[in-house]
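Report on one structure; see the data block that follows.
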Amino acid sequence: MTVALVGAGPGDPDLLTLKAARLLSEADVVVHDALVGSGVLDLIPERAERIDVGKRVGRPVPQEMISALLVELGRQGQRVVRLKGGDPFVFGRGGEEAVALRNAGVAFEIVPGITSSVAAPAAAGIPVTHRGVAAAFTVVTGHRRPGEPDVDWRALARFNRRGGTIVVLMGVAHRREIAEELIAGGLDPDTPVAAIRSGTTHEQEVARCDLAELGDTQVSSPATIVIGAVAALDLTAVAHAATTPRLAMAAQRTSFPSAI
């Protein structure tokens, strides 16, 4: 192995897989994204070279440049870890990097990570599926590059309005338009919503609202947005359940089974 495309998980270093931790400890070079948790970065050995290729506002890093860098490092025979937030194959462009490495004849492996699409809601006490309430969940990106087709939010609303959960990643900047399109597609404006910022970390914040209020609700990136009846739940602790008027009202509107 010369290049490992490694999922760094949702942020909490305790949620890193054993294999990911081992590869980090053995790495010569770590090429990492901006969303990798600081606690995970602390596990990188001091002797290893760190290369930050995180895409930030005003600092776009072309994907082609990142892929070319991985190919170059791999050809040098170094032990390279490409560290990506969450799972490398869930909106992490790991597939593009794997294709580039394969086409260049560079050996690589994929190390899955826990995706924030399920970990962030879980950290906020929200199960993305719940018997009798949500039998399916859809993970969708709220960010598209210019020229790419937009998500058909109205079709997504029709699919989920009979009992499902929508999890939106990278959708904070477009949350108003997303809410408007989902309502236009038939989702109830009173549908519960939870936005989890920096899920699983010490900086975690949870904002709760109705779908109609999402555009006016203060939400900072990076955040995972959960839309559906389960977003009314807070199962982090018995004492926390429905402790706010908004959450209590949302829970009253939603009929949850008494047994799981």
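By convention here, the chains of the structure tokens are called A, B, ... in the order presented, each chain's residues are numbered starting at 1, and ligands are numbered starting at 1 in the order presented.
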Q: Please identify which residues in range 43-183 of chain A DSSP calls strand (DSSP E) from the backbone, and express them as a ChimeraX atom specification.
A: /A:49-52,80-84,108-111,137-141,165-169
Q | Residues flagged alpha helix (DSSP H) by DSSP in range 94-223 of chain A, as a ChimeraX atom specification | A | /A:94-103,116-123,153-160,175-184
Put those residues in a file: N, CA, C and O atoms, as a compact mmCIF listing (two decimals), in the first residue's frame.
# COMPACT_ATOMS: atom_id res chain seq x y z
N GLY A 94 -13.83 10.87 -2.71
CA GLY A 94 -12.89 9.76 -2.66
C GLY A 94 -12.91 8.94 -3.93
O GLY A 94 -11.88 8.39 -4.35
N GLY A 95 -14.08 8.85 -4.56
CA GLY A 95 -14.17 8.11 -5.81
C GLY A 95 -13.31 8.71 -6.90
O GLY A 95 -12.65 7.99 -7.66
N GLU A 96 -13.31 10.04 -6.99
CA GLU A 96 -12.49 10.71 -8.00
C GLU A 96 -11.01 10.46 -7.77
O GLU A 96 -10.24 10.26 -8.72
N GLU A 97 -10.61 10.49 -6.50
CA GLU A 97 -9.20 10.27 -6.18
C GLU A 97 -8.80 8.82 -6.42
O GLU A 97 -7.69 8.53 -6.89
N ALA A 98 -9.72 7.89 -6.13
CA ALA A 98 -9.44 6.48 -6.40
C ALA A 98 -9.27 6.23 -7.89
O ALA A 98 -8.37 5.49 -8.32
N VAL A 99 -10.11 6.86 -8.71
CA VAL A 99 -9.99 6.71 -10.17
C VAL A 99 -8.65 7.24 -10.65
O VAL A 99 -7.97 6.62 -11.47
N ALA A 100 -8.24 8.41 -10.12
CA ALA A 100 -6.97 9.00 -10.54
C ALA A 100 -5.79 8.10 -10.17
O ALA A 100 -4.86 7.90 -10.97
N LEU A 101 -5.82 7.54 -8.97
CA LEU A 101 -4.75 6.66 -8.53
C LEU A 101 -4.72 5.37 -9.35
O LEU A 101 -3.66 4.90 -9.77
N ARG A 102 -5.89 4.81 -9.61
CA ARG A 102 -5.95 3.59 -10.41
C ARG A 102 -5.44 3.82 -11.83
O ARG A 102 -4.67 3.02 -12.37
N ASN A 103 -5.86 4.94 -12.42
CA ASN A 103 -5.42 5.23 -13.79
C ASN A 103 -3.92 5.46 -13.87
O ASN A 103 -3.30 5.22 -14.92
N SER A 116 -20.97 11.66 8.91
CA SER A 116 -21.70 12.59 9.77
C SER A 116 -23.20 12.56 9.49
O SER A 116 -23.99 13.05 10.29
N SER A 117 -23.60 11.98 8.35
CA SER A 117 -25.03 11.93 8.02
C SER A 117 -25.82 11.11 9.03
O SER A 117 -27.02 11.33 9.19
N VAL A 118 -25.16 10.16 9.69
CA VAL A 118 -25.83 9.41 10.75
C VAL A 118 -25.24 9.71 12.12
O VAL A 118 -25.95 9.66 13.14
N ALA A 119 -23.94 10.04 12.17
CA ALA A 119 -23.28 10.27 13.46
C ALA A 119 -23.73 11.57 14.10
O ALA A 119 -23.96 11.62 15.32
N ALA A 120 -23.84 12.65 13.32
CA ALA A 120 -24.25 13.93 13.89
C ALA A 120 -25.67 13.88 14.45
O ALA A 120 -25.91 14.33 15.58
N PRO A 121 -26.65 13.34 13.71
CA PRO A 121 -27.98 13.19 14.31
C PRO A 121 -27.95 12.32 15.57
O PRO A 121 -28.61 12.64 16.57
N ALA A 122 -27.21 11.22 15.54
CA ALA A 122 -27.14 10.35 16.71
C ALA A 122 -26.58 11.09 17.92
O ALA A 122 -27.06 10.92 19.05
N ALA A 123 -25.56 11.92 17.70
CA ALA A 123 -24.97 12.69 18.79
C ALA A 123 -25.96 13.68 19.39
O ALA A 123 -25.84 14.07 20.55
N TRP A 153 -35.70 18.62 -5.28
CA TRP A 153 -36.20 18.64 -3.91
C TRP A 153 -37.68 18.31 -3.84
O TRP A 153 -38.14 17.69 -2.87
N ARG A 154 -38.44 18.70 -4.84
CA ARG A 154 -39.88 18.43 -4.82
C ARG A 154 -40.16 16.93 -4.93
O ARG A 154 -41.03 16.40 -4.25
N ALA A 155 -39.40 16.26 -5.78
CA ALA A 155 -39.53 14.81 -5.88
C ALA A 155 -39.11 14.14 -4.58
O ALA A 155 -39.72 13.16 -4.13
N LEU A 156 -38.06 14.68 -3.96
CA LEU A 156 -37.59 14.14 -2.68
C LEU A 156 -38.66 14.31 -1.60
O LEU A 156 -38.86 13.42 -0.76
N ALA A 157 -39.36 15.44 -1.64
CA ALA A 157 -40.44 15.68 -0.68
C ALA A 157 -41.55 14.67 -0.86
O ALA A 157 -42.08 14.13 0.13
N ARG A 158 -41.91 14.39 -2.09
CA ARG A 158 -42.99 13.43 -2.34
C ARG A 158 -42.61 12.04 -1.86
O ARG A 158 -43.45 11.29 -1.35
N PHE A 159 -41.34 11.70 -1.99
CA PHE A 159 -40.87 10.38 -1.58
C PHE A 159 -40.89 10.24 -0.05
O PHE A 159 -41.14 9.16 0.48
N ASN A 160 -40.60 11.32 0.65
CA ASN A 160 -40.42 11.26 2.11
C ASN A 160 -41.66 11.67 2.91
O ASN A 160 -41.67 11.46 4.13
N ARG A 175 -30.22 26.73 2.69
CA ARG A 175 -31.29 26.13 3.48
C ARG A 175 -32.66 26.77 3.21
O ARG A 175 -33.68 26.08 3.27
N ARG A 176 -32.70 28.06 2.92
CA ARG A 176 -33.99 28.70 2.64
C ARG A 176 -34.61 28.13 1.35
O ARG A 176 -35.79 27.77 1.33
N GLU A 177 -33.82 28.08 0.29
CA GLU A 177 -34.33 27.55 -0.97
C GLU A 177 -34.71 26.08 -0.84
O GLU A 177 -35.72 25.64 -1.41
N ILE A 178 -33.92 25.32 -0.07
CA ILE A 178 -34.22 23.90 0.12
C ILE A 178 -35.57 23.74 0.82
O ILE A 178 -36.42 22.94 0.40
N ALA A 179 -35.79 24.52 1.88
CA ALA A 179 -37.06 24.45 2.61
C ALA A 179 -38.23 24.83 1.72
O ALA A 179 -39.28 24.17 1.72
N GLU A 180 -38.06 25.88 0.94
CA GLU A 180 -39.14 26.33 0.06
C GLU A 180 -39.49 25.27 -0.97
O GLU A 180 -40.68 25.02 -1.26
N GLU A 181 -38.48 24.62 -1.53
CA GLU A 181 -38.73 23.59 -2.53
C GLU A 181 -39.38 22.35 -1.91
O GLU A 181 -40.25 21.73 -2.52
N LEU A 182 -38.95 21.97 -0.72
CA LEU A 182 -39.55 20.82 -0.07
C LEU A 182 -41.02 21.07 0.28
O LEU A 182 -41.88 20.19 0.11
N ILE A 183 -41.33 22.28 0.72
CA ILE A 183 -42.72 22.63 1.02
C ILE A 183 -43.54 22.64 -0.26
O ILE A 183 -44.67 22.15 -0.31
N ALA A 184 -42.96 23.18 -1.33
CA ALA A 184 -43.65 23.18 -2.62
C ALA A 184 -43.90 21.76 -3.11
O ALA A 184 -44.86 21.50 -3.84
Q.
So that I can check the surroundings of range 217-225 of chain A, please list as a ChimeraX atom specification every protein, DNA and RNA residue that reaches within 8 Å of it, counting only C-alpha atoms and ignoring chain neighbours fewer than 5 positions away.
A. /A:35,116-117,120-121,167-172,193-199,207,209
What does the file look like for those residues with C-alpha atoms, as a tab-separated table (two decimals), in the first residue's frame?
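The resulting selection24.tsv:
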chain	number	residue	atom	x	y	z
A	35	LEU	CA	-13.38	19.30	8.09
A	116	SER	CA	-21.70	12.59	9.77
A	117	SER	CA	-25.03	11.93	8.02
A	120	ALA	CA	-24.25	13.93	13.89
A	121	PRO	CA	-27.98	13.19	14.31
A	167	VAL	CA	-30.43	14.37	5.83
A	168	VAL	CA	-28.79	17.31	4.08
A	169	LEU	CA	-25.00	17.76	4.08
A	170	MET	CA	-23.35	21.01	2.95
A	171	GLY	CA	-26.72	22.74	2.73
A	172	VAL	CA	-26.47	25.61	5.21
A	193	VAL	CA	-36.00	20.16	11.57
A	194	ALA	CA	-32.74	19.86	13.50
A	195	ALA	CA	-29.43	21.36	12.37
A	196	ILE	CA	-26.39	19.90	14.13
A	197	ARG	CA	-23.23	21.96	13.90
A	198	SER	CA	-19.86	20.28	14.55
A	199	GLY	CA	-21.60	17.08	15.59
A	207	ALA	CA	-30.74	24.30	16.40
A	209	CYS	CA	-37.16	24.63	14.19
Q: Mind giving me the straight-line distance from CA of Thr191 in chain A to CA of Leu233 in chain A in Å, one decimal?
A: 12.4 Å
Q.
Nearest residue to Gly132 in chain A out of A:Ile166, A:Leu18, A:Val6, A:Ala229, using only C-alpha atoms?
A. A:Ala229
**Q.** Close residues, range 47-51 of chain A itself excluded, 7 Å, only C-alpha atoms, min 4 positions apart in chain, as a ChimeraX atom specification
**A.** /A:27-32
Q. With only C-alpha atoms as the atoms that count, which of A:Lys84, A:Lys19, A:Arg79, A:His174 lies nearest to Leu5 in chain A?
A. A:Lys84
Q) Can you list, as a PyMOL selection string, every protein, DNA or RNA residue that comes within 12 Å of Gly37 in chain A when you count only C-alpha atoms, leaving out same-chain residues fewer than 2 positions away? A) chain A and resi 7-16+32-35+39-44+83-86+116+198-204+222
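The space between CA of Val230 in chain A and CA of Ala135 in chain A spans 10.7 Å.
Nearest to Thr17 in chain A of all the residues A:Gly186, A:Pro112, A:Gly142, A:Pro45 is A:Pro112, counting only C-alpha atoms.
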